[in-house]
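J.: Contents of my_file19.txt (compact mmCIF, C-alpha atoms):
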```
# COMPACT_ATOMS: atom_id res chain seq x y z
CA MET A 17 15.09 -8.96 7.33
CA ALA A 18 14.47 -12.67 7.74
CA GLN A 19 12.25 -13.68 10.65
CA LYS A 20 12.75 -17.25 11.86
CA GLY A 21 9.60 -19.35 11.49
CA LEU A 22 7.85 -17.17 8.94
CA CYS A 23 10.65 -16.89 6.40
CA VAL A 24 9.20 -13.94 4.55
CA THR A 25 11.39 -10.95 3.67
CA PHE A 26 10.09 -7.52 4.47
CA LEU A 27 10.94 -4.46 6.59
CA THR A 28 8.96 -4.44 9.83
CA VAL A 29 6.11 -1.99 9.98
CA PHE A 30 6.23 -0.64 13.52
CA ALA A 31 3.37 0.51 15.67
CA VAL A 32 4.00 4.09 14.57
CA ALA A 33 1.82 3.16 11.62
CA TRP A 34 -1.07 3.56 14.01
CA MET A 35 -0.44 7.31 14.01
CA THR A 36 -0.41 7.39 10.23
CA GLN A 37 -3.99 6.14 10.14
CA ALA A 38 -4.96 9.33 11.93
CA GLY A 39 -2.96 11.50 9.58
CA GLY A 40 0.56 11.28 11.02
CA GLN A 41 3.70 10.82 8.97
CA SER A 42 6.65 8.45 9.25
CA LYS A 43 9.82 7.90 7.27
CA LYS A 44 9.72 4.14 7.86
CA LYS A 45 8.49 2.25 4.87
CA PRO A 46 8.20 -1.53 4.45
CA ALA A 47 9.90 -3.14 1.52
CA ALA A 48 7.93 -5.18 -0.97
CA SER A 49 7.33 -8.83 -0.10
CA GLU A 50 9.18 -11.51 -2.04
CA ALA A 51 5.87 -13.01 -3.01
CA LYS A 52 4.21 -12.35 -6.33
CA ASN A 53 1.34 -13.45 -8.53
CA ALA A 54 -1.30 -13.83 -5.81
CA VAL A 55 -4.98 -13.05 -6.11
CA VAL A 56 -5.71 -9.48 -4.99
CA ALA A 57 -8.56 -8.97 -2.52
CA PRO A 58 -11.56 -7.30 -4.16
CA SER A 59 -12.02 -3.54 -3.91
CA PRO A 60 -13.42 -1.58 -2.07
CA TYR A 61 -12.84 -3.83 0.93
CA ALA A 62 -9.21 -4.74 0.28
CA PRO A 63 -6.91 -3.91 3.23
CA ARG A 64 -4.99 -0.65 2.95
CA PHE A 65 -1.41 -0.82 4.22
CA ALA A 66 0.40 2.18 5.65
CA PHE A 67 3.09 3.97 3.63
CA GLY A 68 1.86 2.30 0.42
CA GLY A 69 3.40 -0.98 1.59
CA ASN A 70 2.14 -4.53 1.58
CA ALA A 71 2.91 -5.80 5.09
CA ALA A 72 2.33 -4.79 8.70
CA GLU A 73 3.51 -6.06 12.06
CA VAL A 74 0.76 -5.94 14.67
CA PRO A 75 1.65 -5.67 18.38
CA ALA A 76 -0.78 -8.40 19.36
CA THR A 77 -1.38 -9.58 22.93
CA PHE A 78 -1.19 -13.30 23.71
CA ASN A 79 -3.10 -14.68 26.70
CA GLU A 80 -3.33 -18.44 27.37
CA ASP A 81 -2.48 -18.94 23.69
CA LEU A 82 -5.35 -16.76 22.48
CA VAL A 83 -4.44 -13.86 20.19
CA PHE A 84 -5.82 -10.34 20.71
CA PHE A 85 -5.45 -7.62 18.07
CA PRO A 86 -5.37 -3.91 19.02
CA VAL A 87 -7.93 -2.13 16.86
CA ASN A 88 -9.58 1.24 16.75
CA ILE A 89 -12.82 2.14 15.07
CA ASN A 90 -13.49 5.60 13.68
CA GLY A 91 -10.63 7.06 15.71
CA SER A 92 -11.58 5.41 19.00
CA GLN A 93 -9.14 4.30 21.67
CA PRO A 94 -7.69 0.83 20.94
CA SER A 95 -9.67 -2.25 21.94
CA LEU A 96 -8.28 -5.79 22.06
CA PHE A 97 -10.36 -7.96 19.70
CA VAL A 98 -9.83 -11.72 19.95
CA LEU A 99 -8.94 -13.63 16.78
CA ASP A 100 -11.65 -16.26 16.29
CA THR A 101 -11.50 -18.55 13.26
CA THR A 102 -14.97 -19.91 14.08
CA ALA A 103 -16.59 -16.48 13.72
CA SER A 104 -17.94 -15.74 10.26
CA GLU A 105 -17.82 -11.99 10.75
CA THR A 106 -15.97 -9.39 12.73
CA SER A 107 -18.14 -7.97 15.51
CA ILE A 108 -18.09 -5.70 18.54
CA ASP A 109 -19.51 -6.27 21.99
CA PRO A 110 -22.73 -4.23 22.42
CA LYS A 111 -21.45 -2.63 25.63
CA ARG A 112 -18.21 -1.60 23.94
CA ALA A 113 -20.15 -0.21 20.98
CA GLN A 114 -22.23 1.85 23.38
CA GLU A 115 -19.10 3.12 25.14
CA LEU A 116 -17.74 4.26 21.78
CA GLY A 117 -21.07 5.75 20.72
CA LEU A 118 -21.29 3.46 17.68
CA SER A 119 -24.22 2.00 15.82
CA PRO A 120 -23.93 -0.99 13.41
CA ASN A 121 -24.12 1.27 10.35
CA GLN A 122 -21.59 3.85 11.50
CA PRO A 123 -18.14 2.21 11.26
CA ASP A 124 -16.36 2.63 7.95
CA ALA A 125 -13.02 1.13 8.93
CA LEU A 126 -11.31 -1.09 11.46
CA VAL A 127 -7.75 0.14 11.99
CA LEU A 128 -4.82 -1.96 13.18
CA PRO A 129 -1.25 -0.70 13.45
CA GLY A 130 -0.05 -0.48 9.87
CA VAL A 131 -3.19 -1.69 8.10
CA THR A 132 -6.81 -0.60 7.71
CA PHE A 133 -9.73 -2.86 6.87
CA PRO A 134 -12.74 -1.05 5.36
CA LEU A 135 -16.08 -2.13 6.83
CA SER A 136 -19.60 -2.00 5.51
CA ALA A 137 -20.98 -2.67 9.01
CA LEU A 138 -19.85 -3.91 12.39
CA PRO A 139 -22.46 -6.16 14.04
CA ALA A 140 -22.92 -5.87 17.79
CA ILE A 141 -22.70 -9.41 19.18
CA GLY A 142 -22.14 -10.24 22.84
CA ARG A 143 -20.27 -13.24 24.24
CA ALA A 144 -21.40 -13.48 27.84
CA ASP A 145 -19.15 -16.38 28.89
CA PHE A 146 -15.93 -15.25 27.22
CA SER A 147 -14.67 -12.98 29.98
CA ALA A 148 -15.39 -15.49 32.74
CA ALA A 149 -13.55 -18.25 30.89
CA THR A 150 -10.53 -16.17 29.89
CA GLY A 151 -10.25 -13.54 32.60
CA ARG A 152 -10.15 -10.75 30.02
CA PRO A 153 -12.71 -8.11 29.04
CA TYR A 154 -14.45 -8.86 25.76
CA PRO A 155 -14.68 -5.87 23.39
CA GLY A 156 -15.01 -7.77 20.10
CA THR A 157 -13.93 -10.42 17.60
CA ILE A 158 -11.76 -10.53 14.48
CA GLY A 159 -13.56 -13.00 12.23
CA ASN A 160 -13.18 -14.82 8.95
CA ASP A 161 -14.44 -11.89 6.88
CA LEU A 162 -11.20 -10.04 7.67
CA LEU A 163 -9.04 -13.16 7.39
CA SER A 164 -10.40 -13.73 3.90
CA ARG A 165 -8.94 -10.39 2.75
CA ALA A 166 -5.36 -10.82 3.92
CA VAL A 167 -2.66 -13.29 4.85
CA VAL A 168 -2.17 -13.51 8.61
CA ALA A 169 1.02 -15.06 10.02
CA ILE A 170 1.17 -15.89 13.73
CA ASP A 171 4.39 -16.72 15.52
CA TYR A 172 3.18 -18.29 18.76
CA ALA A 173 6.70 -18.75 20.13
CA ARG A 174 7.75 -15.11 19.75
CA GLU A 175 4.20 -13.83 20.17
CA THR A 176 4.15 -11.74 17.01
CA VAL A 177 1.61 -11.29 14.23
CA ARG A 178 2.17 -10.09 10.68
CA ILE A 179 -0.41 -9.24 8.07
CA PHE A 180 0.34 -9.32 4.34
CA ASP A 181 -1.31 -8.13 1.16
CA PRO A 182 -2.39 -11.37 -0.59
CA GLY A 183 -1.61 -9.82 -3.94
CA SER A 184 2.12 -9.85 -3.23
CA TYR A 185 2.51 -12.75 -0.82
CA LYS A 186 4.12 -16.12 -1.33
CA TYR A 187 5.13 -18.50 1.42
CA THR A 188 8.83 -19.36 1.36
CA GLY A 189 9.20 -21.21 4.66
CA THR A 190 9.92 -24.84 5.43
CA GLY A 191 6.63 -25.78 7.11
CA SER A 192 3.83 -27.99 5.85
CA ILE A 193 1.46 -26.40 3.34
CA LEU A 194 -2.04 -27.82 3.81
CA PRO A 195 -5.15 -27.27 1.73
CA LEU A 196 -7.72 -25.23 3.59
CA SER A 197 -11.43 -25.82 3.43
CA MET A 198 -14.26 -24.13 5.30
CA ARG A 199 -17.03 -26.01 7.04
CA ASP A 200 -19.84 -24.24 8.86
CA GLY A 201 -17.76 -21.09 8.80
CA MET A 202 -14.67 -22.72 10.35
CA PRO A 203 -11.34 -23.62 8.70
CA VAL A 204 -10.76 -27.37 8.57
CA ILE A 205 -7.56 -29.35 8.01
CA ARG A 206 -6.64 -33.01 7.86
CA ALA A 207 -4.60 -34.40 10.76
CA ARG A 208 -3.40 -37.76 12.03
CA PHE A 209 -3.20 -39.00 15.60
CA SER A 210 -2.56 -42.15 17.60
CA THR A 211 -4.97 -43.28 20.32
CA PRO A 212 -3.73 -44.35 23.77
CA LYS A 213 -3.77 -47.95 22.54
CA GLY A 214 -1.75 -47.12 19.43
CA LYS A 215 -4.53 -47.07 16.82
CA GLN A 216 -3.71 -44.55 14.09
CA VAL A 217 -6.55 -42.34 12.91
CA GLU A 218 -6.68 -39.75 10.14
CA ALA A 219 -9.52 -37.25 10.32
CA ASP A 220 -10.68 -33.67 9.78
CA PHE A 221 -10.33 -31.12 12.59
CA GLY A 222 -11.62 -27.59 12.81
CA ILE A 223 -9.27 -24.79 13.89
CA ASP A 224 -10.51 -22.60 16.73
CA THR A 225 -8.05 -19.83 17.63
CA ALA A 226 -10.37 -18.60 20.41
CA LEU A 227 -10.33 -21.94 22.27
CA ILE A 228 -7.78 -22.42 25.06
CA ALA A 229 -7.84 -26.25 25.02
CA GLY A 230 -5.44 -28.03 22.68
CA VAL A 231 -7.35 -30.98 21.19
CA VAL A 232 -11.06 -31.53 21.74
CA ILE A 233 -12.46 -34.77 20.34
CA SER A 234 -16.14 -35.28 19.65
CA GLN A 235 -17.85 -37.90 21.79
CA LYS A 236 -19.70 -39.13 18.70
CA PHE A 237 -16.48 -39.56 16.72
CA SER A 238 -14.77 -41.22 19.65
CA ASP A 239 -17.58 -43.74 20.06
CA ALA A 240 -17.52 -44.57 16.35
CA HIS A 241 -13.75 -45.06 16.21
CA HIS A 242 -13.03 -46.28 19.76
CA ILE A 243 -10.77 -43.37 20.68
CA PHE A 244 -11.32 -42.85 24.40
CA PRO A 245 -9.59 -45.43 26.61
CA LYS A 246 -12.32 -47.15 28.64
CA LYS A 247 -9.49 -48.83 30.49
CA GLY A 248 -6.31 -46.93 31.12
CA LYS A 249 -5.21 -43.50 32.25
CA SER A 250 -7.83 -40.76 32.11
CA ALA A 251 -9.08 -37.98 34.36
CA GLN A 252 -12.07 -35.77 34.86
CA GLY A 253 -11.93 -32.12 33.95
CA PHE A 254 -14.03 -29.05 33.31
CA ASP A 255 -13.84 -26.70 30.33
CA PRO A 256 -15.57 -23.34 30.88
CA GLN A 257 -15.50 -22.57 27.14
CA LEU A 258 -17.60 -25.56 26.06
CA THR A 259 -21.37 -24.95 26.12
CA GLY A 260 -20.95 -22.42 28.91
CA GLY A 261 -19.04 -24.92 31.03
CA GLU A 262 -18.85 -28.67 30.49
CA ASN A 263 -17.50 -31.65 32.38
CA VAL A 264 -15.02 -33.40 30.10
CA SER A 265 -12.85 -36.49 30.19
CA LEU A 266 -9.11 -35.96 29.76
CA PHE A 267 -6.66 -38.43 28.24
CA ARG A 268 -3.39 -38.37 26.33
CA LEU A 269 -2.97 -39.25 22.70
CA ARG A 270 0.32 -40.91 21.77
CA TYR A 271 0.88 -38.20 19.19
CA PHE A 272 -0.98 -35.63 17.12
CA LYS A 273 0.43 -34.92 13.67
CA ILE A 274 -0.20 -31.89 11.48
CA GLY A 275 1.60 -32.08 8.15
CA LYS A 276 5.04 -33.49 8.82
CA SER A 277 5.21 -32.55 12.51
CA ALA A 278 3.98 -34.94 15.22
CA ALA A 279 3.57 -33.64 18.79
CA ASP A 280 3.99 -36.32 21.44
CA ASP A 281 1.58 -36.98 24.32
CA PRO A 282 -0.84 -34.07 23.90
CA ILE A 283 -3.86 -33.88 26.18
CA ALA A 284 -7.22 -34.47 24.53
CA GLU A 285 -10.63 -33.52 25.89
CA LEU A 286 -13.62 -35.73 25.16
CA SER A 287 -16.69 -33.55 24.67
CA SER A 288 -20.31 -33.94 23.59
CA SER A 289 -20.70 -30.23 22.84
CA LYS A 290 -21.52 -28.84 19.42
CA LYS A 291 -18.34 -26.76 19.65
CA ALA A 292 -16.35 -30.01 19.60
CA GLY A 293 -17.81 -30.90 16.23
CA THR A 294 -20.57 -33.18 17.45
CA GLY A 295 -22.98 -31.35 15.16
CA ASP A 296 -20.91 -32.47 12.13
CA ALA A 297 -20.39 -36.22 11.86
CA THR A 298 -17.46 -35.72 9.48
CA LEU A 299 -15.42 -33.79 12.04
CA ALA A 300 -13.32 -35.57 14.65
CA GLY A 301 -13.12 -32.42 16.76
CA VAL A 302 -11.36 -29.07 16.99
CA ILE A 303 -7.82 -27.81 17.61
CA GLY A 304 -7.27 -24.89 19.97
CA GLY A 305 -4.53 -22.72 21.40
CA ARG A 306 -2.63 -25.24 23.52
CA LEU A 307 -1.79 -27.22 20.39
CA LEU A 308 -1.59 -24.30 17.96
CA ARG A 309 1.08 -22.65 20.14
CA ARG A 310 3.55 -25.36 19.06
CA PHE A 311 3.56 -23.86 15.55
CA ASN A 312 4.08 -20.72 13.57
CA ILE A 313 0.93 -20.60 11.48
CA VAL A 314 0.11 -18.72 8.29
CA PHE A 315 -3.59 -18.35 7.59
CA ASP A 316 -3.77 -17.79 3.83
CA TYR A 317 -7.49 -17.79 3.14
CA PRO A 318 -7.17 -16.00 -0.23
CA HIS A 319 -5.14 -18.94 -1.61
CA LYS A 320 -7.06 -21.61 0.32
CA GLN A 321 -4.04 -22.86 2.24
CA ILE A 322 -2.62 -22.87 5.73
CA MET A 323 1.00 -23.37 6.72
CA PHE A 324 2.19 -25.06 9.92
CA GLU A 325 5.82 -24.73 10.92
CA ALA A 326 7.01 -26.27 14.22
CA ASN A 327 8.50 -23.65 16.54
CA GLU A 328 10.50 -23.54 19.78
CA ASN A 329 7.43 -24.62 21.77
CA PHE A 330 6.93 -27.77 19.76
CA GLY A 331 8.61 -30.24 22.12
CA ASN A 332 7.13 -28.81 25.32
CA TYR A 333 5.27 -31.35 27.44
CA ASP A 334 1.54 -30.69 27.72
CA GLU A 335 0.76 -30.22 31.42
CA GLU A 336 -2.70 -30.71 32.93
CA ASP A 337 -4.18 -29.00 35.99
CA LYS A 338 -2.91 -30.79 39.11
CA SER A 339 -5.06 -29.18 41.77
CA GLY A 340 -8.54 -30.32 40.74
CA ILE A 341 -9.74 -26.70 40.70
CA ALA A 342 -11.38 -25.27 37.59
CA LEU A 343 -11.26 -21.49 37.92
CA ILE A 344 -13.19 -18.72 36.21
CA ALA A 345 -13.02 -14.94 36.66
CA SER A 346 -15.86 -12.81 37.98
CA GLY A 347 -16.60 -9.58 39.81
CA PRO A 348 -15.46 -6.02 39.10
CA GLY A 349 -12.49 -5.97 36.77
CA LEU A 350 -12.59 -9.78 36.63
CA LYS A 351 -10.44 -9.81 39.77
CA THR A 352 -12.37 -12.55 41.60
CA LEU A 353 -11.11 -16.12 41.20
CA GLU A 354 -14.19 -18.30 41.45
CA VAL A 355 -14.20 -22.10 41.66
CA ALA A 356 -16.41 -23.37 38.82
CA HIS A 357 -15.79 -27.08 39.39
CA VAL A 358 -13.80 -29.41 41.63
CA VAL A 359 -12.56 -32.78 40.37
CA PRO A 360 -13.55 -35.60 42.73
CA HIS A 361 -10.70 -37.24 44.70
CA SER A 362 -8.32 -34.41 43.76
CA PRO A 363 -6.15 -32.33 46.15
CA ALA A 364 -8.81 -29.60 46.11
CA ALA A 365 -11.61 -32.03 46.90
CA ASP A 366 -9.60 -33.55 49.74
CA ALA A 367 -9.11 -30.04 51.16
CA GLY A 368 -12.86 -29.44 51.17
CA ILE A 369 -12.94 -26.86 48.37
CA GLN A 370 -16.29 -26.76 46.56
CA ALA A 371 -17.77 -25.25 43.41
CA GLY A 372 -18.89 -21.70 44.13
CA ASP A 373 -16.05 -20.99 46.56
CA VAL A 374 -13.86 -17.96 45.97
CA ILE A 375 -10.06 -18.07 46.16
CA GLU A 376 -9.12 -14.88 48.01
CA GLY A 377 -5.38 -15.51 48.19
CA ILE A 378 -2.57 -17.88 47.20
CA ASP A 379 0.54 -18.15 49.37
CA GLY A 380 -0.12 -14.80 51.00
CA GLU A 381 -0.74 -12.92 47.75
CA ALA A 382 -4.18 -11.42 47.21
CA ALA A 383 -6.11 -13.11 44.43
CA ALA A 384 -6.97 -9.66 43.04
CA ASP A 385 -3.29 -9.34 42.13
CA ILE A 386 -3.16 -12.73 40.37
CA SER A 387 -4.55 -13.09 36.86
CA LEU A 388 -6.72 -16.06 35.95
CA ALA A 389 -4.04 -17.27 33.52
CA SER A 390 -1.34 -17.04 36.20
CA ALA A 391 -3.42 -18.95 38.75
CA ARG A 392 -4.11 -21.72 36.26
CA GLU A 393 -0.41 -21.95 35.43
CA MET A 394 0.47 -22.23 39.12
CA PHE A 395 -1.86 -25.19 39.50
CA ARG A 396 -0.19 -27.01 36.61
CA GLN A 397 3.03 -27.34 38.62
CA VAL A 398 3.56 -30.80 40.10
CA GLY A 399 4.38 -31.39 43.76
CA TYR A 400 3.84 -27.80 44.94
CA LYS A 401 2.17 -26.93 48.23
CA TYR A 402 -0.09 -23.89 48.16
CA LYS A 403 -1.76 -22.14 51.05
CA LEU A 404 -5.13 -20.95 49.81
CA LEU A 405 -7.40 -18.44 51.46
CA VAL A 406 -10.87 -19.67 50.54
CA GLN A 407 -14.23 -17.98 51.03
CA HIS A 408 -17.04 -20.48 51.50
CA GLY A 409 -20.58 -19.69 52.56
CA GLY A 410 -19.66 -16.24 53.79
CA GLN A 411 -16.74 -17.50 55.85
CA THR A 412 -13.05 -17.46 55.05
CA LYS A 413 -10.68 -20.29 55.88
CA GLU A 414 -7.11 -21.24 55.03
CA VAL A 415 -6.42 -24.63 53.46
CA THR A 416 -3.30 -26.29 52.05
CA ILE A 417 -3.24 -28.32 48.86
CA GLN A 418 -0.34 -30.21 47.30
CA THR A 419 -0.60 -30.59 43.56
CA GLN A 420 -0.23 -34.02 42.02
CA ARG A 421 -0.56 -35.56 38.60
CA LEU A 422 -4.15 -36.43 37.78
CA LEU A 423 -3.39 -37.65 34.25
```
Kindly present the structure from the file in structure tokens form.

T.:
Amino acid sequence: MAQKGLCVTFLTVFAVAWMTQAGGQSKKKPAASEAKNAVVAPSPYAPRFAFGGNAAEVPATFNEDLVFFPVNINGSQPSLFVLDTTASETSIDPKRAQELGLSPNQPDALVLPGVTFPLSALPAIGRADFSAATGRPYPGTIGNDLLSRAVVAIDYARETVRIFDPGSYKYTGTGSILPLSMRDGMPVIRARFSTPKGKQVEADFGIDTALIAGVVISQKFSDAHHIFPKKGKSAQGFDPQLTGGENVSLFRLRYFKIGKSAADDPIAELSSSKKAGTGDATLAGVIGGRLLRRFNIVFDYPHKQIMFEANENFGNYDEEDKSGIALIASGPGLKTLEVAHVVPHSPAADAGIQAGDVIEGIDGEAAADISLASAREMFRQVGYKYKLLVQHGGQTKEVTIQTQRLL
């Protein structure tokens, strides 16, 4: 069965494979991949595919262009681990480990639908700011140690993930095949972009699948190559994922090109954080979900390559926040929409909204019923009037904002 964007022939391994890991049986069996002559991952930590196959389809969850894999550990209930290409190892949140009654030396396998990854250990590492920035609970991370043992293909347009045995995989699609190198535990590729003034720059960018922002450019690199427009269109912003929350400058590049595909007018964030690559003078910055979503991407660590194939999202215009409100999630169940930052001279600032306020409702709907991702998407719409119920200093008031382009 040919899947558009990935162009690899195999029979889909359905989620019923999950039951097989616990001893169930199924008559469905994936066909062999077309690919041959690849390097097999070393035993005893090579992935084990269900039904003796060599491919699995994982029912991943996509949230603000971040990818979450359903996993269980030693027969536990599934947890959604975020895919993070900047993490050197797969880990579990200490609180989740405690809930499951696990210790670092206990786990012997991490099980996804259709494929099992043997583990020697599962470190307990917390990420305190992740839930606030994404509005999702944080149970754990899928890191580069697992990616190095398999081929992982992500279709951002159709929101599907497939995992292949590297020993029988060969890419047969039409995308760009780029050499993959690792730097400080992060995959790095070469890309080309055009500054607002039309200067063309070729540079190395890290790939961060756990970052919501699309393109983050290092302040140091920008200063050295005169990237940021000191005169021209720019805006202030706030990114809760950078150094626990960082004020950033926003501007649009004329294009950003990966391989043979150039995306027009993407938003870039100017950052001085280490996460943006400032700690490595050879890196121009990092690429995150809002740019990655324009592609179907195959992470082929075993063969030191990565494939980018433009998908149905590729031509979508990159929209910025138009309210001036930077939101994070807090409180029980992450149901509280808290204002982390307000852009000066924005609709929110004009309405008197301040950092630390809580949005209790939008257009008559309780904020507890609105996800963080949904609220952010609402505020990207241009020319909309919203009635907000805002709690400030123990008092609640209703204000109206009309979104407008800030960039």

J.: Which residues, written as a ChimeraX atom specification, have at least one atom at most 8 Å from Leu308 (chain A), with only C-alpha atoms counted and residues fewer than 5 positions away on the same chain left out?

T.: /A:81,172,225,230,303,313

J.: Around (6.4, -28.7, 5.1), as given in the file, which residues come within 10 Å? Count all atoms listed in the file and list them as a list in words.

T.: Gly189, Thr190, Gly191, Ser192, Ile193, Leu194, Ile274, Gly275, Lys276, Ser277, Met323, Phe324, Glu325 and Ala326 of chain A

J.: What is the distance between CA of Gly222 (chain A) and CA of Phe395 (chain A), in Å to one decimal?

T.: 28.5 Å

J.: Can you work out which one of A:Ala149, A:Ala297, A:Val302, A:Ala140 has the shortest atom-to-atom distance to Glu262 (chain A), counting all atoms listed in the file?

T.: A:Ala149

J.: Any idea what's packed within 6 Å of Ala364 (chain A), counting all atoms listed in the file, ignoring anything in its chain fewer than 2 positions away? Could you give it as a list in words?

T.: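 Everything that qualifies: Ser339, Gly340, Ser362, Asp366, Ala367 and Ile369 of chain A.
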
J.: Using all atoms listed in the file, which protein or nucleic acid residues come within 10 Å of Thr412 (chain A)? Drop anything in the same chain fewer than 6 positions from it, and give the result as a list in words.

T.: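 The contact residues come out as Asp373, Val374, Ile375, Glu376, Leu405 and Val406 of chain A.
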